[in-house]
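Raw contents of target39.csv, CSV, C-alpha atoms:
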chain,number,residue,atom,x,y,z
A,1,GLY,CA,-11.4,13.5,-2.2
A,2,ALA,CA,-14.0,10.7,-1.6
A,3,TYR,CA,-12.1,8.3,-3.8
A,4,ASP,CA,-8.6,9.8,-3.4
A,5,ASN,CA,-8.1,9.2,-0.6
A,6,GLY,CA,-11.1,9.1,1.6
A,7,THR,CA,-11.4,5.4,0.8
A,8,GLY,CA,-7.8,4.5,1.7
A,9,SER,CA,-8.1,6.5,4.9
A,10,THR,CA,-11.2,4.8,6.0
A,11,CYS,CA,-9.8,1.3,5.1
A,12,ILE,CA,-6.9,2.0,7.4
A,13,MET,CA,-9.3,3.1,10.1
A,14,GLN,CA,-11.2,-0.2,9.7
A,15,MET,CA,-7.9,-2.1,10.0
A,16,LEU,CA,-7.1,-0.1,13.1
A,17,ALA,CA,-10.5,-1.0,14.7
A,18,TYR,CA,-10.0,-4.7,13.8
A,19,PHE,CA,-6.6,-4.9,15.3
A,20,ASN,CA,-7.6,-3.0,18.3
A,21,GLU,CA,-10.2,-5.7,19.0
A,22,ASN,CA,-8.0,-8.6,17.8
A,23,LYS,CA,-4.5,-8.0,19.3
A,24,PRO,CA,-1.8,-8.7,16.8
A,25,LYS,CA,1.4,-10.6,17.4
A,26,ARG,CA,3.5,-7.7,16.2
A,27,THR,CA,3.6,-4.0,16.8
A,28,LEU,CA,1.6,-2.0,14.3
A,29,LYS,CA,1.7,1.7,13.4
A,30,PHE,CA,-1.1,3.4,11.6
A,31,VAL,CA,0.0,6.5,9.8
A,32,TRP,CA,-1.9,9.0,7.7
A,33,CYS,CA,0.3,11.3,5.6
A,34,GLY,CA,-0.7,14.6,4.1
A,35,SER,CA,0.4,16.3,0.9
A,36,GLU,CA,0.9,13.2,-1.2
A,37,GLU,CA,-0.2,15.0,-4.3
A,38,MET,CA,2.4,17.8,-3.7
A,39,GLY,CA,5.3,15.3,-3.9
A,40,LEU,CA,4.8,12.8,-1.0
A,41,LEU,CA,5.7,15.6,1.4
A,42,GLY,CA,4.0,14.0,4.4
A,43,SER,CA,5.5,10.5,4.0
A,44,ILE,CA,8.9,11.9,3.2
A,45,ALA,CA,8.8,14.0,6.4
A,46,TYR,CA,7.7,11.0,8.4
A,47,ALA,CA,10.5,8.8,7.0
A,48,ASN,CA,13.1,11.6,7.6
A,49,THR,CA,11.8,12.2,11.2
A,50,HIS,CA,11.7,8.4,12.1
A,51,LYS,CA,14.9,7.1,10.4
A,52,GLU,CA,16.0,5.2,13.5
A,53,ASP,CA,12.5,3.7,14.0
A,54,LEU,CA,12.4,2.6,10.3
A,55,GLU,CA,15.2,0.2,10.9
A,56,LYS,CA,12.7,-1.9,13.0
A,57,TYR,CA,9.9,-1.8,10.4
A,58,LYS,CA,9.2,-5.0,8.6
A,59,LEU,CA,6.7,-3.8,6.0
A,60,CYS,CA,4.8,-0.7,4.9
A,61,ILE,CA,1.2,-1.3,3.6
A,62,ASN,CA,-0.2,1.7,1.9
A,63,VAL,CA,-3.9,2.0,0.8
A,64,ASP,CA,-4.5,4.5,-2.0
A,65,MET,CA,-7.9,4.9,-3.7
A,66,ILE,CA,-10.3,1.9,-3.5
A,67,GLY,CA,-14.0,1.3,-4.0
A,68,VAL,CA,-14.7,2.7,-7.4
A,69,THR,CA,-17.7,1.2,-9.2
A,70,ILE,CA,-15.9,0.4,-12.4
A,71,GLY,CA,-12.2,-0.5,-12.1
A,72,PHE,CA,-9.6,-3.1,-11.2
A,73,ASP,CA,-7.5,-3.7,-8.1
A,74,ILE,CA,-3.8,-3.5,-8.1
A,75,ALA,CA,-0.9,-4.1,-5.7
A,76,ARG,CA,2.5,-2.6,-6.5
A,77,VAL,CA,5.3,-4.1,-4.5
A,78,SER,CA,8.5,-2.3,-3.7
A,79,ALA,CA,10.1,-5.4,-2.2
A,80,ASN,CA,11.3,-8.9,-3.0
A,81,ASN,CA,9.4,-10.7,-5.7
A,82,SER,CA,8.4,-13.3,-3.2
A,83,LEU,CA,5.8,-10.8,-1.9
A,84,VAL,CA,4.4,-10.5,-5.4
A,85,ASN,CA,4.0,-14.2,-5.5
A,86,PHE,CA,2.4,-14.3,-2.0
A,87,ILE,CA,-0.3,-11.8,-3.0
A,88,ASN,CA,-0.9,-13.6,-6.3
A,89,TYR,CA,-1.2,-16.9,-4.4
A,90,LEU,CA,-3.6,-15.4,-1.8
A,91,SER,CA,-5.7,-13.7,-4.5
A,92,CYS,CA,-6.2,-17.1,-6.2
A,93,GLU,CA,-6.9,-18.9,-2.9
A,94,VAL,CA,-9.7,-16.5,-1.9
A,95,GLY,CA,-10.9,-15.6,-5.4
A,96,PHE,CA,-10.0,-11.9,-5.4
A,97,PRO,CA,-8.8,-10.6,-8.8
A,98,ILE,CA,-5.9,-8.3,-8.5
A,99,LYS,CA,-3.0,-7.2,-10.8
A,100,VAL,CA,0.2,-7.5,-8.8
A,101,SER,CA,3.6,-6.2,-10.0
A,102,GLN,CA,6.9,-5.3,-8.6
A,103,GLY,CA,8.0,-1.6,-8.9
A,104,VAL,CA,7.3,1.8,-7.6
A,105,TYR,CA,3.9,3.3,-7.1
A,106,SER,CA,3.5,7.0,-6.9
A,107,SER,CA,2.2,7.1,-3.3
A,108,ASP,CA,3.2,7.2,0.3
A,109,SER,CA,4.8,3.7,0.3
A,110,THR,CA,7.7,4.9,-1.8
A,111,PRO,CA,9.6,7.0,0.9
A,112,PHE,CA,9.5,3.9,3.1
A,113,ALA,CA,11.0,1.7,0.4
A,114,ASP,CA,13.6,4.5,-0.2
A,115,ASN,CA,14.6,4.0,3.4
A,116,GLY,CA,15.0,0.2,3.2
A,117,VAL,CA,11.5,-0.8,4.4
A,118,PRO,CA,9.8,-3.3,2.1
A,119,ALA,CA,6.6,-1.6,1.0
A,120,LEU,CA,3.5,-2.0,-1.2
A,121,SER,CA,0.5,0.0,-2.2
A,122,PHE,CA,-3.0,-1.3,-2.8
A,123,ALA,CA,-5.4,0.6,-5.1
A,124,ARG,CA,-8.5,0.1,-7.2
A,125,ILE,CA,-7.9,2.0,-10.5
A,126,ALA,CA,-10.8,3.6,-12.3
A,127,PRO,CA,-10.8,3.6,-16.2
A,128,SER,CA,-11.0,6.7,-18.3
A,129,GLY,CA,-14.4,8.3,-18.0
A,130,GLY,CA,-15.0,7.0,-14.5
A,131,ALA,CA,-14.0,8.5,-11.2
A,132,VAL,CA,-11.3,11.1,-11.7
A,133,ILE,CA,-9.0,12.0,-8.9
A,134,HIS,CA,-8.1,15.7,-8.3
A,135,SER,CA,-11.3,16.8,-9.9
A,136,ARG,CA,-15.0,17.5,-9.3
A,137,LYS,CA,-15.6,13.8,-10.2
A,138,ASP,CA,-13.8,12.7,-7.0
A,139,VAL,CA,-17.1,12.2,-5.2
A,140,ILE,CA,-19.0,9.4,-3.5
A,141,ASP,CA,-21.3,8.9,-6.6
A,142,TYR,CA,-18.5,7.0,-8.3
A,143,LEU,CA,-17.9,4.6,-5.4
A,144,GLU,CA,-19.6,1.3,-4.8
A,145,PRO,CA,-19.8,-0.1,-1.2
A,146,ASN,CA,-19.4,-3.8,-2.2
A,147,ASN,CA,-16.2,-3.0,-4.2
A,148,TYR,CA,-14.9,-1.0,-1.3
A,149,TYR,CA,-15.5,-3.8,1.3
A,150,LYS,CA,-14.1,-6.5,-1.0
A,151,THR,CA,-10.9,-4.6,-1.4
A,152,CYS,CA,-10.7,-3.6,2.2
A,153,ASP,CA,-11.4,-7.2,3.4
A,154,PHE,CA,-8.6,-8.6,1.1
A,155,ILE,CA,-6.1,-6.0,2.3
A,156,SER,CA,-7.1,-6.8,5.9
A,157,MET,CA,-6.8,-10.6,5.4
A,158,PHE,CA,-3.4,-10.1,3.7
A,159,ALA,CA,-2.2,-7.9,6.6
A,160,GLU,CA,-3.5,-10.3,9.3
A,161,ARG,CA,-1.7,-13.3,7.7
A,162,LEU,CA,1.6,-11.4,7.7
A,163,ILE,CA,1.2,-9.7,11.0
A,164,ASN,CA,0.3,-12.9,12.9
A,165,SER,CA,2.7,-15.3,11.0
A,166,LYS,CA,5.0,-17.4,13.2
A,167,VAL,CA,8.0,-16.2,11.2
A,168,PHE,CA,7.6,-13.0,9.2
A,169,PRO,CA,7.8,-14.1,5.6
A,170,VAL,CA,8.9,-10.8,3.9
A,171,GLU,CA,12.6,-10.4,3.6
A,172,ARG,CA,13.8,-7.0,4.7
A,173,GLU,CA,15.5,-6.0,1.5
A,174,ILE,CA,14.8,-3.8,-1.5
A,175,PRO,CA,15.9,-5.5,-4.7
A,176,GLU,CA,18.4,-3.6,-6.9
A,177,ASN,CA,15.9,-3.1,-9.7
A,178,VAL,CA,13.4,-1.5,-7.3
A,179,LYS,CA,16.2,0.7,-5.8
A,180,LEU,CA,16.9,1.9,-9.3
A,181,ASP,CA,13.2,2.6,-10.0
A,182,ILE,CA,13.1,4.6,-6.8
A,183,GLU,CA,16.2,6.6,-7.9
A,184,TYR,CA,14.4,7.3,-11.2
A,185,TYR,CA,11.2,8.2,-9.4
A,186,PHE,CA,12.8,10.8,-7.2
A,187,GLN,CA,14.8,12.0,-10.2
A,188,ARG,CA,18.2,11.3,-8.6
A,189,LYS,CA,19.1,9.4,-11.7
A,190,GLU,CA,18.1,9.6,-15.4
A,191,ARG,CA,16.7,6.7,-17.3
A,192,LYS,CA,19.1,5.4,-20.0
Please rewrite the model in this file as structure tokens.
Amino acid sequence: GAYDNGTGSTCIMQMLAYFNENKPKRTLKFVWCGSEEMGLLGSIAYANTHKEDLEKYKLCINVDMIGVTIGFDIARVSANNSLVNFINYLSCEVGFPIKVSQGVYSSDSTPFADNGVPALSFARIAPSGGAVIHSRKDVIDYLEPNNYYKTCDFISMFAERLINSKVFPVEREIPENVKLDIEYYFQRKERK
């Protein structure tokens, strides 16, 4: 579990420490969900238990698996395409290569998007033969501190810009194509 998801958990802890020292303009909640691999059970339970609170949430940022030695960074956005463009723009501005796309990522961001909260997941994906999640290869030996900190720093920079923006730039909507992807993901509809 060093890669999946010790790295995501510690990145969130670093963000918590940062925002504890640097008070944000907006209210933040830091949530760790269990049983993701068993069907997003923890995040689904959180969303179901906090339905009224979720109406006030502006964005869910999920961190899932970062820091592998060999791999590439991704962001999957379950929100308006303007957020895809914003992350692409920021990555070019600061020189952080990341593949950004709109859609559903099989992680704890999805139940938030399913409940109308714009959401995204960051991850660093290992190629075949590298770190393997849910296996004996999910150990610290496949992780590289510089890659971990580069990704964590980019996520923190992204979060800080949104959190402290004068006007929150993310529209609180889930586009129809993403809603449909969520329906397929949770097997409430069949793909045609």
Dump as CSV the rows for residues of region 38-147 of chain A within 8 Å of region 176-179 of chain A: closest atom pair and distance in Å with one decimal, all atoms listed in the file counted, ordered by chain and rising residue number.
residue,atom,partner,partner_atom,distance
A:Ser78,CA,A:Val178,CA,6.1
A:Ala79,CA,A:Val178,CA,7.2
A:Gln102,CA,A:Val178,CA,7.6
A:Gly103,CA,A:Val178,CA,5.6
A:Val104,CA,A:Val178,CA,6.9
A:Asp114,CA,A:Lys179,CA,7.2
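When all atoms listed in the file are used to measure the gap to Leu40 (chain A), the shortest distance among A:Asp181, A:Asp73, A:Asp108, A:Asp53 belongs to A:Asp108.
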>> Give me, as number ranges by chain, all polymer residues having an atom no more than 6 Å from region 144-147 of chain A, counting all atoms listed in the file and skipping those fewer than 6 positions away in the same chain.
In response: A: 67-69
>> List the spatial neighbours of region 10-13 of chain A as a ChimeraX atom specification - criterion: any atom at most 12 Å away, only C-alpha atoms, same-chain residues fewer than 2 positions off excluded.
In response: /A:1-8,15-20,28-33,61-67,122-123,145,148-156,159
For Gly71 (chain A), please output as a short mmCIF file (atom, residue, chain, number, x, y, z; two decimals) with C-alpha atoms, in the coordinates of the input all residues within 7 Å (counting only C-alpha atoms; exclusion window: fewer than 4 positions along the same chain).
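That gives us out07.cif:
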data_model
loop_
_atom_site.label_atom_id
_atom_site.label_comp_id
_atom_site.auth_asym_id
_atom_site.auth_seq_id
_atom_site.Cartn_x
_atom_site.Cartn_y
_atom_site.Cartn_z
CA ARG A 124 -8.50 0.10 -7.20
CA ILE A 125 -7.90 2.00 -10.50
CA ALA A 126 -10.80 3.60 -12.30
CA PRO A 127 -10.80 3.60 -16.20
#
>> Using all atoms listed in the file, can you tell me which of A:Leu180, A:Leu41, A:Ala75, A:Ala131 comes closest to Asn88 (chain A)?
In response: A:Ala75
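The gap separating CA of Leu54 (chain A) from CA of Glu171 (chain A) is 14.6 Å, in Å to one decimal.
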